[in-house]
$ cat run21.cif   # mmCIF, C-alpha atoms and all ligand atoms
data_data
#
loop_
_atom_site.label_atom_id
_atom_site.label_comp_id
_atom_site.auth_asym_id
_atom_site.auth_seq_id
_atom_site.Cartn_x
_atom_site.Cartn_y
_atom_site.Cartn_z
CA MET A 26 126.16 85.45 97.87
CA ALA A 27 127.48 82.02 97.01
CA PRO A 28 127.54 81.17 93.28
CA ASP A 29 124.92 78.43 93.60
CA ASP A 30 122.47 80.67 95.46
CA PRO A 31 119.31 80.67 93.30
CA THR A 32 118.49 84.23 94.39
CA SER A 33 121.70 85.48 92.77
CA ALA A 34 120.65 84.11 89.36
CA ALA A 35 119.16 87.39 88.13
CA SER A 36 121.42 90.06 86.76
CA PRO A 37 121.59 92.88 89.31
CA ALA A 38 121.18 95.34 86.42
CA ASP A 39 117.68 94.03 85.77
CA PRO A 40 115.87 93.40 89.06
CA HIS A 41 112.50 93.16 87.30
CA GLU A 42 113.48 89.90 85.58
CA ASP A 43 113.64 87.25 88.23
CA LEU A 44 112.31 84.07 89.76
CA SER A 45 108.55 83.78 90.26
CA PRO A 46 107.14 85.51 93.36
CA ALA A 47 106.16 82.19 94.97
CA THR A 48 109.78 81.05 94.71
CA LEU A 49 111.24 84.36 95.86
CA ALA A 50 109.08 84.30 98.98
CA VAL A 51 110.85 81.07 99.93
CA VAL A 52 114.44 81.68 98.81
CA ALA A 53 115.15 85.42 99.14
CA GLY A 54 116.82 86.83 102.25
CA ARG A 55 118.61 83.61 103.25
CA PRO A 56 122.15 83.64 104.62
CA ALA A 57 124.80 82.86 101.99
CA ARG A 58 125.25 79.13 101.46
CA ALA A 59 128.36 77.93 103.19
CA GLN A 60 129.25 74.82 105.13
CA GLN A 61 127.52 75.04 108.56
CA ALA A 62 125.80 78.33 107.73
CA PRO A 63 122.28 78.51 109.18
CA VAL A 64 119.45 78.15 106.67
CA ASN A 65 117.54 80.99 108.36
CA PRO A 66 118.86 84.42 109.26
CA PRO A 67 119.75 84.65 112.94
CA LEU A 68 117.62 86.74 115.30
CA VAL A 69 120.16 89.23 116.61
CA LEU A 70 119.32 91.18 119.77
CA SER A 71 121.90 93.91 119.96
CA SER A 72 121.36 97.66 120.02
CA THR A 73 124.88 98.39 118.84
CA TYR A 74 127.72 96.83 116.84
CA VAL A 75 131.45 96.77 117.39
CA SER A 76 132.76 99.69 115.39
CA GLN A 77 135.67 102.08 115.48
CA GLY A 78 137.01 104.65 113.06
CA VAL A 79 134.95 106.09 110.22
CA PRO A 80 132.19 103.56 109.40
CA ALA A 81 132.04 102.36 105.79
CA PRO A 82 128.73 103.00 103.93
CA GLY A 83 126.17 100.36 104.86
CA GLU A 84 128.21 99.11 107.82
CA LEU A 85 126.15 97.92 110.79
CA LEU A 86 126.62 100.53 113.50
CA TYR A 87 123.53 101.11 115.63
CA ALA A 88 120.24 99.22 115.56
CA ARG A 89 118.02 102.24 114.83
CA GLN A 90 119.81 102.52 111.46
CA GLY A 91 119.75 98.89 110.42
CA THR A 92 120.16 95.33 111.72
CA GLU A 93 121.03 92.03 110.04
CA THR A 94 117.62 90.67 111.07
CA TRP A 95 115.88 93.55 109.24
CA ARG A 96 118.12 93.10 106.21
CA ALA A 97 117.01 89.54 105.58
CA PHE A 98 113.33 90.55 105.53
CA GLU A 99 114.07 93.71 103.55
CA GLU A 100 115.97 91.77 100.93
CA ALA A 101 113.10 89.27 100.57
CA LEU A 102 110.35 91.91 100.28
CA GLY A 103 112.50 94.01 97.93
CA ARG A 104 112.90 91.02 95.62
CA LEU A 105 109.19 90.22 95.81
CA GLU A 106 108.24 93.77 94.81
CA ARG A 107 110.96 93.67 92.10
CA SER A 108 112.56 96.73 93.65
CA ARG A 109 116.07 97.95 92.80
CA HIS A 110 116.58 98.38 96.56
CA PRO A 111 115.76 96.32 99.63
CA ALA A 112 112.51 97.27 101.39
CA LEU A 113 112.68 99.49 104.49
CA VAL A 114 110.94 97.85 107.43
CA VAL A 115 109.26 100.18 109.96
CA GLY A 116 107.28 99.80 113.17
CA SER A 117 103.80 99.62 111.60
CA GLY A 118 101.90 100.13 108.38
CA MET A 119 100.98 103.62 109.62
CA ALA A 120 104.67 104.43 110.18
CA ALA A 121 105.17 103.56 106.50
CA VAL A 122 102.18 105.70 105.46
CA ALA A 123 103.49 108.64 107.52
CA ALA A 124 106.99 108.32 106.01
CA ALA A 125 105.57 108.29 102.48
CA LEU A 126 103.33 111.32 103.13
CA ALA A 127 106.39 113.14 104.53
CA LEU A 128 107.78 113.16 100.96
CA VAL A 129 105.16 115.77 100.03
CA PRO A 130 106.69 119.26 99.98
CA PRO A 131 105.17 121.85 102.37
CA GLY A 132 101.65 122.83 101.28
CA GLY A 133 101.63 120.26 98.47
CA ARG A 134 98.35 118.67 97.43
CA VAL A 135 97.74 114.94 97.87
CA VAL A 136 94.97 113.14 95.98
CA LEU A 137 93.71 110.09 97.89
CA PRO A 138 90.97 107.50 97.42
CA ARG A 139 87.93 108.45 99.50
CA HIS A 140 87.86 104.81 100.65
CA ALA A 141 91.53 104.54 101.52
CA TYR A 142 92.44 102.86 104.82
CA GLN A 143 90.63 104.99 107.40
CA VAL A 144 93.67 105.84 109.54
CA THR A 145 95.56 106.98 106.41
CA LEU A 146 92.70 109.44 105.84
CA VAL A 147 92.72 110.50 109.51
CA LEU A 148 96.46 111.27 109.25
CA ALA A 149 96.08 113.10 105.92
CA ARG A 150 93.28 115.24 107.37
CA GLU A 151 95.32 116.01 110.47
CA LEU A 152 98.26 117.12 108.30
CA ALA A 153 95.87 119.25 106.24
CA GLU A 154 94.44 120.89 109.37
CA ARG A 155 97.96 121.84 110.40
CA GLY A 156 98.64 123.30 106.93
CA VAL A 157 101.33 120.74 106.15
CA LEU A 158 99.56 119.57 103.00
CA GLU A 159 96.26 119.77 101.12
CA VAL A 160 93.97 116.78 100.72
CA GLU A 161 91.60 115.94 97.88
CA LEU A 162 89.52 112.77 97.95
CA VAL A 163 88.47 110.91 94.79
CA ASP A 164 86.80 107.72 93.62
CA VAL A 165 89.97 105.83 92.71
CA ALA A 166 88.11 103.61 90.23
CA ASP A 167 87.13 106.69 88.16
CA THR A 168 90.37 107.21 86.22
CA ASP A 169 89.26 110.46 84.51
CA ALA A 170 88.19 112.00 87.83
CA VAL A 171 91.44 110.97 89.54
CA LEU A 172 93.61 112.41 86.78
CA ALA A 173 91.56 115.63 86.64
CA ALA A 174 92.16 116.03 90.38
CA VAL A 175 95.88 115.31 89.94
CA ARG A 176 96.18 117.90 87.13
CA GLY A 177 94.17 120.36 89.23
CA ASP A 178 93.64 123.12 86.65
CA GLY A 179 97.29 123.93 86.12
CA ARG A 180 98.26 123.48 89.79
CA PRO A 181 99.24 119.80 89.84
CA ALA A 182 99.11 117.59 92.91
CA ALA A 183 102.42 116.72 94.59
CA MET A 184 101.35 113.13 95.23
CA LEU A 185 98.74 110.64 94.09
CA TRP A 186 97.97 108.04 96.75
CA VAL A 187 96.56 104.78 95.40
CA GLU A 188 95.02 101.85 97.17
CA SER A 189 93.77 99.04 94.98
CA PRO A 190 91.65 97.22 95.87
CA THR A 191 90.48 99.77 98.44
CA ASN A 192 89.81 99.01 102.10
CA PRO A 193 86.94 98.21 102.66
CA MET A 194 85.04 98.94 99.42
CA LEU A 195 87.26 96.80 97.14
CA GLU A 196 87.29 99.30 94.28
CA VAL A 197 89.96 98.51 91.69
CA ALA A 198 92.11 101.28 90.17
CA ASP A 199 93.59 101.37 86.68
CA LEU A 200 97.08 101.58 88.13
CA PRO A 201 99.12 101.84 84.87
CA ALA A 202 96.87 104.67 83.58
CA LEU A 203 97.05 106.52 86.92
CA VAL A 204 100.86 106.24 87.13
CA ALA A 205 101.29 107.49 83.56
CA GLY A 206 98.84 110.37 84.01
CA ALA A 207 100.29 111.48 87.36
CA HIS A 208 103.85 111.40 86.04
CA GLU A 209 102.82 113.61 83.09
CA VAL A 210 102.31 116.44 85.57
CA GLY A 211 105.20 115.49 87.85
CA ALA A 212 103.20 114.05 90.76
CA LEU A 213 104.73 111.27 92.85
CA VAL A 214 102.68 108.06 92.95
CA ALA A 215 102.51 106.14 96.23
CA VAL A 216 100.69 102.79 96.30
CA ASP A 217 99.47 101.05 99.44
CA ASN A 218 99.86 97.45 98.26
CA THR A 219 98.62 95.81 101.47
CA PHE A 220 95.44 94.29 100.00
CA SER A 221 96.97 92.96 96.81
CA THR A 222 100.39 91.86 98.17
CA PRO A 223 103.30 91.63 95.69
CA LEU A 224 101.81 88.35 94.47
CA GLY A 225 98.85 90.26 93.03
CA GLN A 226 100.59 93.34 91.63
CA ARG A 227 104.03 94.93 91.73
CA PRO A 228 103.45 98.70 91.42
CA LEU A 229 107.15 99.63 91.07
CA THR A 230 107.28 97.66 87.80
CA LEU A 231 104.47 99.94 86.54
CA GLY A 232 106.47 103.03 87.46
CA ALA A 233 105.01 103.85 90.89
CA ASP A 234 107.47 105.82 93.02
CA VAL A 235 106.75 104.44 96.49
CA VAL A 236 105.07 101.27 97.71
CA VAL A 237 103.73 101.04 101.26
CA HIS A 238 102.76 97.88 103.15
CA SER A 239 101.06 97.02 106.36
CA VAL A 240 103.21 93.91 106.91
CA THR A 241 100.82 93.18 109.80
CA LYS A 242 98.34 91.75 107.28
CA PHE A 243 99.04 89.14 104.56
CA LEU A 244 102.85 89.44 104.47
CA ALA A 245 103.38 88.39 108.09
CA GLY A 246 100.07 86.55 107.93
CA HIS A 247 99.57 85.21 111.46
CA SER A 248 98.06 88.16 113.37
CA ASP A 249 101.00 88.16 115.76
CA VAL A 250 102.99 91.25 114.73
CA VAL A 251 102.34 94.89 113.84
CA LEU A 252 104.83 96.00 111.21
CA GLY A 253 105.16 98.10 108.06
CA ALA A 254 107.45 98.51 105.08
CA LEU A 255 108.32 100.98 102.33
CA LEU A 256 109.86 100.47 98.91
CA ALA A 257 111.24 102.84 96.29
CA ASP A 258 113.31 102.27 93.13
CA ASP A 259 114.73 105.79 92.91
CA ASP A 260 118.04 106.18 94.78
CA ALA A 261 117.20 109.63 96.19
CA LEU A 262 113.68 108.64 97.31
CA HIS A 263 114.99 105.47 98.93
CA ALA A 264 117.66 107.49 100.77
CA ARG A 265 115.05 110.01 101.99
CA LEU A 266 112.78 107.26 103.30
CA HIS A 267 115.73 105.59 105.02
CA ALA A 268 116.74 108.89 106.60
CA HIS A 269 113.13 109.48 107.73
CA ARG A 270 113.10 106.13 109.52
CA THR A 271 116.40 106.87 111.25
CA THR A 272 115.52 110.40 112.36
CA HIS A 273 111.87 109.75 113.31
CA GLY A 274 112.78 106.50 115.00
CA SER A 275 109.74 104.60 113.74
CA ILE A 276 111.60 101.31 113.84
CA ALA A 277 110.64 97.68 114.19
CA GLY A 278 111.82 95.26 116.85
CA PRO A 279 114.07 92.47 115.53
CA PHE A 280 111.86 89.67 116.79
CA GLU A 281 108.79 91.04 114.98
CA VAL A 282 110.79 91.24 111.76
CA TRP A 283 112.13 87.72 112.20
CA LEU A 284 108.54 86.47 112.65
CA ALA A 285 107.42 88.45 109.60
CA LEU A 286 110.05 86.75 107.42
CA ARG A 287 108.97 83.37 108.78
CA GLY A 288 105.40 84.26 107.82
CA LEU A 289 106.46 85.53 104.40
CA ARG A 290 107.88 82.11 103.47
CA THR A 291 104.33 80.71 103.13
CA LEU A 292 102.80 83.81 101.50
CA ALA A 293 102.01 82.16 98.17
CA LEU A 294 100.40 79.10 99.78
CA ARG A 295 98.32 81.16 102.20
CA VAL A 296 97.20 83.75 99.67
CA SER A 297 96.31 81.28 96.92
CA ARG A 298 94.23 79.22 99.34
CA ALA A 299 92.54 82.26 100.89
CA GLN A 300 91.81 83.79 97.47
CA ALA A 301 90.28 80.59 96.14
CA SER A 302 88.07 80.31 99.23
CA ALA A 303 87.13 84.00 99.01
CA ALA A 304 86.00 83.60 95.40
CA LEU A 305 83.94 80.50 96.24
CA LEU A 306 82.32 82.21 99.25
CA ALA A 307 81.63 85.34 97.18
CA ALA A 308 79.85 83.30 94.51
CA ARG A 309 77.71 81.47 97.09
CA LEU A 310 76.94 84.65 99.05
CA ALA A 311 75.80 86.36 95.86
CA GLU A 312 73.03 83.68 95.64
CA HIS A 313 72.15 83.74 99.36
CA PRO A 314 68.59 84.84 100.23
CA ALA A 315 69.81 86.82 103.28
CA VAL A 316 72.37 88.82 101.29
CA ALA A 317 71.62 92.12 99.56
CA GLU A 318 75.04 92.77 98.01
CA VAL A 319 78.48 91.16 97.77
CA ARG A 320 81.63 92.97 96.72
CA HIS A 321 84.56 90.90 95.48
CA PRO A 322 86.44 91.52 92.23
CA SER A 323 86.16 87.81 91.33
CA LEU A 324 82.40 88.16 90.70
CA PRO A 325 81.64 88.69 86.98
CA GLY A 326 79.17 91.47 87.86
CA ASP A 327 81.54 93.32 90.20
CA PRO A 328 82.56 96.82 89.01
CA GLY A 329 86.25 95.89 89.48
CA HIS A 330 86.06 92.47 87.81
CA GLU A 331 87.36 93.28 84.33
CA ARG A 332 90.13 95.57 85.59
CA ALA A 333 91.32 93.18 88.30
CA GLY A 334 91.37 90.32 85.78
CA ARG A 335 93.51 92.41 83.44
CA LEU A 336 95.86 94.01 85.98
CA MET A 337 96.14 91.66 88.95
CA ASP A 338 97.15 88.06 89.57
CA GLY A 339 94.21 86.89 91.70
CA TYR A 340 91.29 88.80 93.19
CA GLY A 341 92.34 89.01 96.83
CA ALA A 342 90.98 87.43 99.99
CA VAL A 343 88.81 90.26 101.37
CA LEU A 344 85.05 90.44 100.72
CA GLY A 345 82.41 93.07 101.36
CA VAL A 346 78.93 91.76 102.27
CA ARG A 347 75.70 93.65 103.00
CA PRO A 348 72.99 91.47 104.53
CA HIS A 349 69.29 92.30 104.21
CA GLY A 350 68.02 94.04 107.33
CA GLY A 351 70.62 96.80 107.65
CA GLU A 352 73.03 97.60 110.43
CA SER A 353 71.32 95.55 113.17
CA ALA A 354 71.19 92.48 110.95
CA ALA A 355 74.87 92.95 110.15
CA ASP A 356 75.70 93.08 113.88
CA ALA A 357 73.56 89.97 114.44
CA VAL A 358 75.50 88.08 111.75
CA VAL A 359 78.80 88.90 113.48
CA ALA A 360 77.37 87.90 116.87
CA GLY A 361 76.03 84.61 115.49
CA LEU A 362 79.32 83.31 114.08
CA ARG A 363 81.32 80.66 115.92
CA LEU A 364 84.30 80.05 113.60
CA TRP A 365 84.85 83.47 112.02
CA VAL A 366 86.56 85.75 114.54
CA PRO A 367 84.92 89.11 115.21
CA ALA A 368 87.99 91.34 115.01
CA THR A 369 89.51 94.17 113.05
CA SER A 370 92.58 93.63 110.84
CA LEU A 371 92.86 91.14 108.01
CA GLY A 372 95.25 88.85 106.17
CA GLY A 373 95.78 86.31 108.96
CA VAL A 374 95.44 82.53 108.70
CA GLU A 375 92.18 82.81 110.66
CA SER A 376 89.07 84.28 109.02
CA THR A 377 87.85 87.54 110.55
CA ILE A 378 84.77 89.71 110.15
CA GLU A 379 83.70 93.18 111.21
CA ARG A 380 81.12 95.85 110.46
CA ARG A 381 83.34 98.72 109.39
CA ARG A 382 81.07 101.61 110.31
CA ARG A 383 81.28 100.60 113.98
CA PHE A 384 84.27 102.99 113.80
CA ALA A 385 83.30 106.65 113.84
CA THR A 386 86.33 107.42 111.65
CA GLU A 387 85.26 105.13 108.79
CA SER A 388 84.24 107.04 105.63
CA ALA A 389 80.59 108.13 105.63
CA THR A 390 80.24 106.75 102.08
CA VAL A 391 80.89 103.21 103.34
CA PRO A 392 77.43 101.65 103.91
CA THR A 393 76.57 101.28 107.61
CA ASP A 394 75.62 97.61 107.07
CA LEU A 395 78.82 96.63 105.21
CA LEU A 396 80.61 93.62 106.69
CA ARG A 397 84.26 93.20 105.77
CA LEU A 398 85.34 89.57 105.66
CA SER A 399 89.00 88.54 105.60
CA VAL A 400 89.13 84.94 104.45
CA GLY A 401 91.76 82.74 106.08
CA ILE A 402 93.03 79.26 105.30
CA GLU A 403 90.49 77.13 107.20
CA ASP A 404 88.45 74.53 105.31
CA VAL A 405 86.12 76.54 103.09
CA GLU A 406 83.11 74.29 103.81
CA ASP A 407 83.49 74.92 107.53
CA LEU A 408 83.63 78.66 106.84
CA TRP A 409 80.56 78.44 104.63
CA ARG A 410 78.45 76.46 107.12
CA ASP A 411 79.22 79.00 109.86
CA LEU A 412 78.44 81.97 107.63
CA ASP A 413 75.29 80.46 106.13
CA GLY A 414 73.98 79.59 109.62
CA ALA A 415 74.63 83.07 111.03
CA LEU A 416 73.04 84.76 108.00
CA ARG A 417 69.91 82.60 108.19
CA ALA A 418 69.55 83.21 111.94
CA ALA A 419 70.13 86.96 111.66
CA VAL A 420 67.96 87.69 108.62
CA ARG A 421 64.47 86.22 108.78
C1 LIG A 501 96.06 97.92 108.28
C2 LIG A 501 96.35 98.80 107.14
C3 LIG A 501 97.23 99.88 107.25
C4 LIG A 501 97.89 100.25 108.58
O1 LIG A 501 98.81 99.28 108.96
P1 LIG A 501 99.18 98.98 110.52
O2 LIG A 501 100.18 97.89 110.40
O3 LIG A 501 97.92 98.60 111.21
O4 LIG A 501 99.75 100.24 111.07
C5 LIG A 501 97.49 100.64 106.12
N1 LIG A 501 96.89 100.35 104.93
C6 LIG A 501 96.03 99.34 104.80
C7 LIG A 501 95.40 99.09 103.47
C8 LIG A 501 95.73 98.52 105.88
O5 LIG A 501 94.85 97.51 105.73
#
$ encode --input "run21.cif" --output "structure tokens"
Amino acid sequence: MAPDDPTSAASPADPHEDLSPATLAVVAGRPARAQQAPVNPPLVLSSTYVSQGVPAPGELLYARQGTETWRAFEEALGRLERSRHPALVVGSGMAAVAAALALVPPGGRVVLPRHAYQVTLVLARELAERGVLEVELVDVADTDAVLAAVRGDGRPAAMLWVESPTNPMLEVADLPALVAGAHEVGALVAVDNTFSTPLGQRPLTLGADVVVHSVTKFLAGHSDVVLGALLADDDALHARLHAHRTTHGSIAGPFEVWLALRGLRTLALRVSRAQASAALLAARLAEHPAVAEVRHPSLPGDPGHERAGRLMDGYGAVLGVRPHGGESAADAVVAGLRLWVPATSLGGVESTIERRRRFATESATVPTDLLRLSVGIEDVEDLWRDLDGALRAAVR
């Protein structure tokens, strides 16, 4: 890096002391400053690189192992998560989840939130059915229960999986207490940081071993790519995850990664706007005559409020809403909206809504009438008018 590159200001020995996340999202992963150098990393479409003789470590060789387009994004996300290593970009969030679960030794027990991302639970159950690992589900907000499950009566878990806030119930975990307790008995801690983003919390700085992202959501932010990423501070863990990507071939296309880095540049702007709108909508919905319950950690009465205020920067941009009138009323709300997009996924610039139990695989403890709202960056008054109108029409 050139000497005047602001991203080289931090001492490499101390990656946790650095520029603010909002700044890093803009400046990290740029080409070195030199006369006529491009400001953005080039999108390189090449499956192989000119190479002869014994390749030096880290040398670009073949595009399943690494590409310069990946490296720019990986550098930026690594800096944002305050990792000692660059992130490892993979083909989807689920590819990242699968790579992290592959760290569990044969027959090892994994403790997961009962309201983790539903496909994570589907995969964990499938691995359990094949005898690859054992699965135990917990309420991740109940720290004592989680740590009791991790200790497991003298037979400790191999891995604690944490999502906080959870998808879609928005439960908030006491991450520092869980990391400390799990490490006491030698369990690895993997954190799916998709909902919070590195702007909200940086689990590696709390001692977590692995961080997983669905880059598809807030990081890329425009609902135009499916992508995932993994991070680890430990050299050996990072090398194992890198090797897993290379041997399993769960790689990302260069164009998707280039788009994800473009999206990442505006992460702080998008997330701060979406979070502010989410908190305002949550407060208004909590007073709405058609609404039975609202879940958002910003609400003073929310079970996760105190913890999120203490542990996270911001309360996130996803809400849970249960209208009066049950499942059919919830479906009518979705059908009555004109601005909010009825769609799965979250974290895009456009606001989306869905009733989660429309999926047979969603946890049975998620209420059938729960609507998950992902707040985008539209004008909040436009979002409110649309929502208020659909609620009043659906619930009479
Ligand atoms: C969407 C999501 C995933 C899966 O990511 P994909 O990119 O869809 O494969 C994993 N975890 C959470 C919390 C998610 O929201």
$ residues_near_ligand --input "run21.cif" --ligand "ligand LIG 501 (chain A)" --cutoff "6 Å" --atoms "all atoms listed in the file" --output "list in words"
Ser117, Gly118, Met119, Tyr142, Asn192, Thr219, Phe220, Ser239, Thr241, Val251, Leu252 and Gly253 of chain A
$ residues_near_point --input "run21.cif" --point "(111.1, 98.1, 98.2)" --cutoff "7 Å" --atoms "all atoms listed in the file" --output "ChimeraX atom specification"
/A:102-103,106,108,110-113,236,255-258
$ residues_around --input "run21.cif" --residues "region 90-95 of chain A" --least-positions-apart "5" --cutoff "6 Å" --atoms "all atoms listed in the file" --output "ChimeraX atom specification"
/A:68,271,279
$ residues_around --input "run21.cif" --residues "region 328-336 of chain A" --least-positions-apart "6" --cutoff "10 Å" --atoms "only C-alpha atoms" --output "mmCIF file with C-alpha atoms, in the frame of the given file"
data_model
loop_
_atom_site.group_PDB
_atom_site.id
_atom_site.type_symbol
_atom_site.label_atom_id
_atom_site.label_comp_id
_atom_site.auth_asym_id
_atom_site.auth_seq_id
_atom_site.Cartn_x
_atom_site.Cartn_y
_atom_site.Cartn_z
ATOM 1 C CA ALA A 166 88.110 103.610 90.230
ATOM 2 C CA SER A 189 93.770 99.040 94.980
ATOM 3 C CA PRO A 190 91.650 97.220 95.870
ATOM 4 C CA LEU A 195 87.260 96.800 97.140
ATOM 5 C CA GLU A 196 87.290 99.300 94.280
ATOM 6 C CA VAL A 197 89.960 98.510 91.690
ATOM 7 C CA ALA A 198 92.110 101.280 90.170
ATOM 8 C CA ASP A 199 93.590 101.370 86.680
ATOM 9 C CA LEU A 200 97.080 101.580 88.130
ATOM 10 C CA PRO A 201 99.120 101.840 84.870
ATOM 11 C CA GLY A 225 98.850 90.260 93.030
ATOM 12 C CA GLN A 226 100.590 93.340 91.630
ATOM 13 C CA ARG A 320 81.630 92.970 96.720
ATOM 14 C CA HIS A 321 84.560 90.900 95.480
ATOM 15 C CA PRO A 322 86.440 91.520 92.230
#
$ atom_distance --input "run21.cif" --atom1 "CA of Pro392 (chain A)" --atom2 "CA of Ala342 (chain A)"
20.0 Å
$ residues_around --input "run21.cif" --residues "Arg380 (chain A)" --least-positions-apart "5" --cutoff "12 Å" --atoms "all atoms listed in the file" --output "ChimeraX atom specification"
/A:193,344-348,351-360,367-370,385,387,391-399
$ closest_residue --input "run21.cif" --among "A:Gly206, A:Pro66, A:Pro80, A:Gly156" --to "Trp283 (chain A)" --atoms "only C-alpha atoms"
A:Pro66
$ atom_distance --input "run21.cif" --atom1 "CA of Gly373 (chain A)" --atom2 "CA of Ala97 (chain A)"
21.7 Å
$ closest_residue --input "run21.cif" --among "A:Val147, A:Ala173, A:Ala268, A:Val237" --to "Arg89 (chain A)" --atoms "all atoms listed in the file"
A:Ala268
$ atom_distance --input "run21.cif" --atom1 "CA of Ser388 (chain A)" --atom2 "CA of Ala141 (chain A)"
8.7 Å
$ residues_around --input "run21.cif" --residues "His349 (chain A)" --least-positions-apart "4" --cutoff "8 Å" --atoms "only C-alpha atoms" --output "VMD selection string"
chain A and resid 315 to 317 354 420
$ write_last_selection --input "run21.cif" --atoms "C-alpha atoms" --output "PDB file, in the coordinates of the input"
ATOM      1  CA  ALA A 315      69.810  86.820 103.280  1.00  0.00           C
ATOM      2  CA  VAL A 316      72.370  88.820 101.290  1.00  0.00           C
ATOM      3  CA  ALA A 317      71.620  92.120  99.560  1.00  0.00           C
ATOM      4  CA  ALA A 354      71.190  92.480 110.950  1.00  0.00           C
ATOM      5  CA  VAL A 420      67.960  87.690 108.620  1.00  0.00           C
TER       6      VAL A 420
END
$ decode --input "run21.cif" --residues "region 94-147 of chain A" --atoms "C-alpha atoms" --output "compact mmCIF listing (two decimals), in the first residue's frame"
# COMPACT_ATOMS: atom_id res chain seq x y z
CA THR A 94 -11.66 -9.07 -7.48
CA TRP A 95 -12.42 -11.25 -4.43
CA ARG A 96 -9.40 -9.88 -2.59
CA ALA A 97 -10.63 -6.30 -2.69
CA PHE A 98 -13.97 -7.27 -1.12
CA GLU A 99 -12.31 -9.66 1.32
CA GLU A 100 -9.90 -7.00 2.47
CA ALA A 101 -12.76 -4.52 3.04
CA LEU A 102 -14.97 -6.95 4.97
CA GLY A 103 -11.98 -8.22 6.97
CA ARG A 104 -11.19 -4.66 8.05
CA LEU A 105 -14.84 -3.97 8.89
CA GLU A 106 -15.04 -7.05 11.13
CA ARG A 107 -11.63 -6.10 12.63
CA SER A 108 -10.28 -9.48 11.58
CA ARG A 109 -6.58 -10.37 11.53
CA HIS A 110 -7.24 -11.94 8.11
CA PRO A 111 -9.20 -10.92 5.03
CA ALA A 112 -12.71 -12.39 4.81
CA LEU A 113 -13.30 -15.45 2.62
CA VAL A 114 -16.04 -14.81 0.08
CA VAL A 115 -18.17 -17.81 -0.96
CA GLY A 116 -21.10 -18.45 -3.29
CA SER A 117 -23.90 -17.81 -0.76
CA GLY A 118 -24.62 -17.31 2.91
CA MET A 119 -25.50 -21.01 3.11
CA ALA A 120 -22.12 -21.94 1.61
CA ALA A 121 -20.57 -19.98 4.49
CA VAL A 122 -22.84 -21.71 7.04
CA ALA A 123 -21.94 -25.13 5.61
CA ALA A 124 -18.20 -24.35 5.70
CA ALA A 125 -18.43 -23.23 9.34
CA LEU A 126 -20.42 -26.33 10.38
CA ALA A 127 -17.78 -28.47 8.63
CA LEU A 128 -15.34 -27.38 11.37
CA VAL A 129 -17.24 -29.59 13.83
CA PRO A 130 -15.40 -32.90 14.38
CA PRO A 131 -17.32 -36.10 13.49
CA GLY A 132 -20.19 -36.71 15.93
CA GLY A 133 -19.59 -33.40 17.71
CA ARG A 134 -22.53 -31.59 19.28
CA VAL A 135 -23.64 -28.17 18.01
CA VAL A 136 -25.84 -25.89 20.11
CA LEU A 137 -27.96 -23.58 17.93
CA PRO A 138 -30.68 -20.98 18.52
CA ARG A 139 -34.10 -22.55 17.94
CA HIS A 140 -34.91 -19.44 15.88
CA ALA A 141 -31.76 -19.43 13.79
CA TYR A 142 -32.12 -18.85 10.05
CA GLN A 143 -34.41 -21.68 8.94
CA VAL A 144 -32.13 -23.14 6.26
CA THR A 145 -29.24 -23.25 8.77
CA LEU A 146 -31.50 -25.42 10.95
CA VAL A 147 -32.52 -27.56 7.95
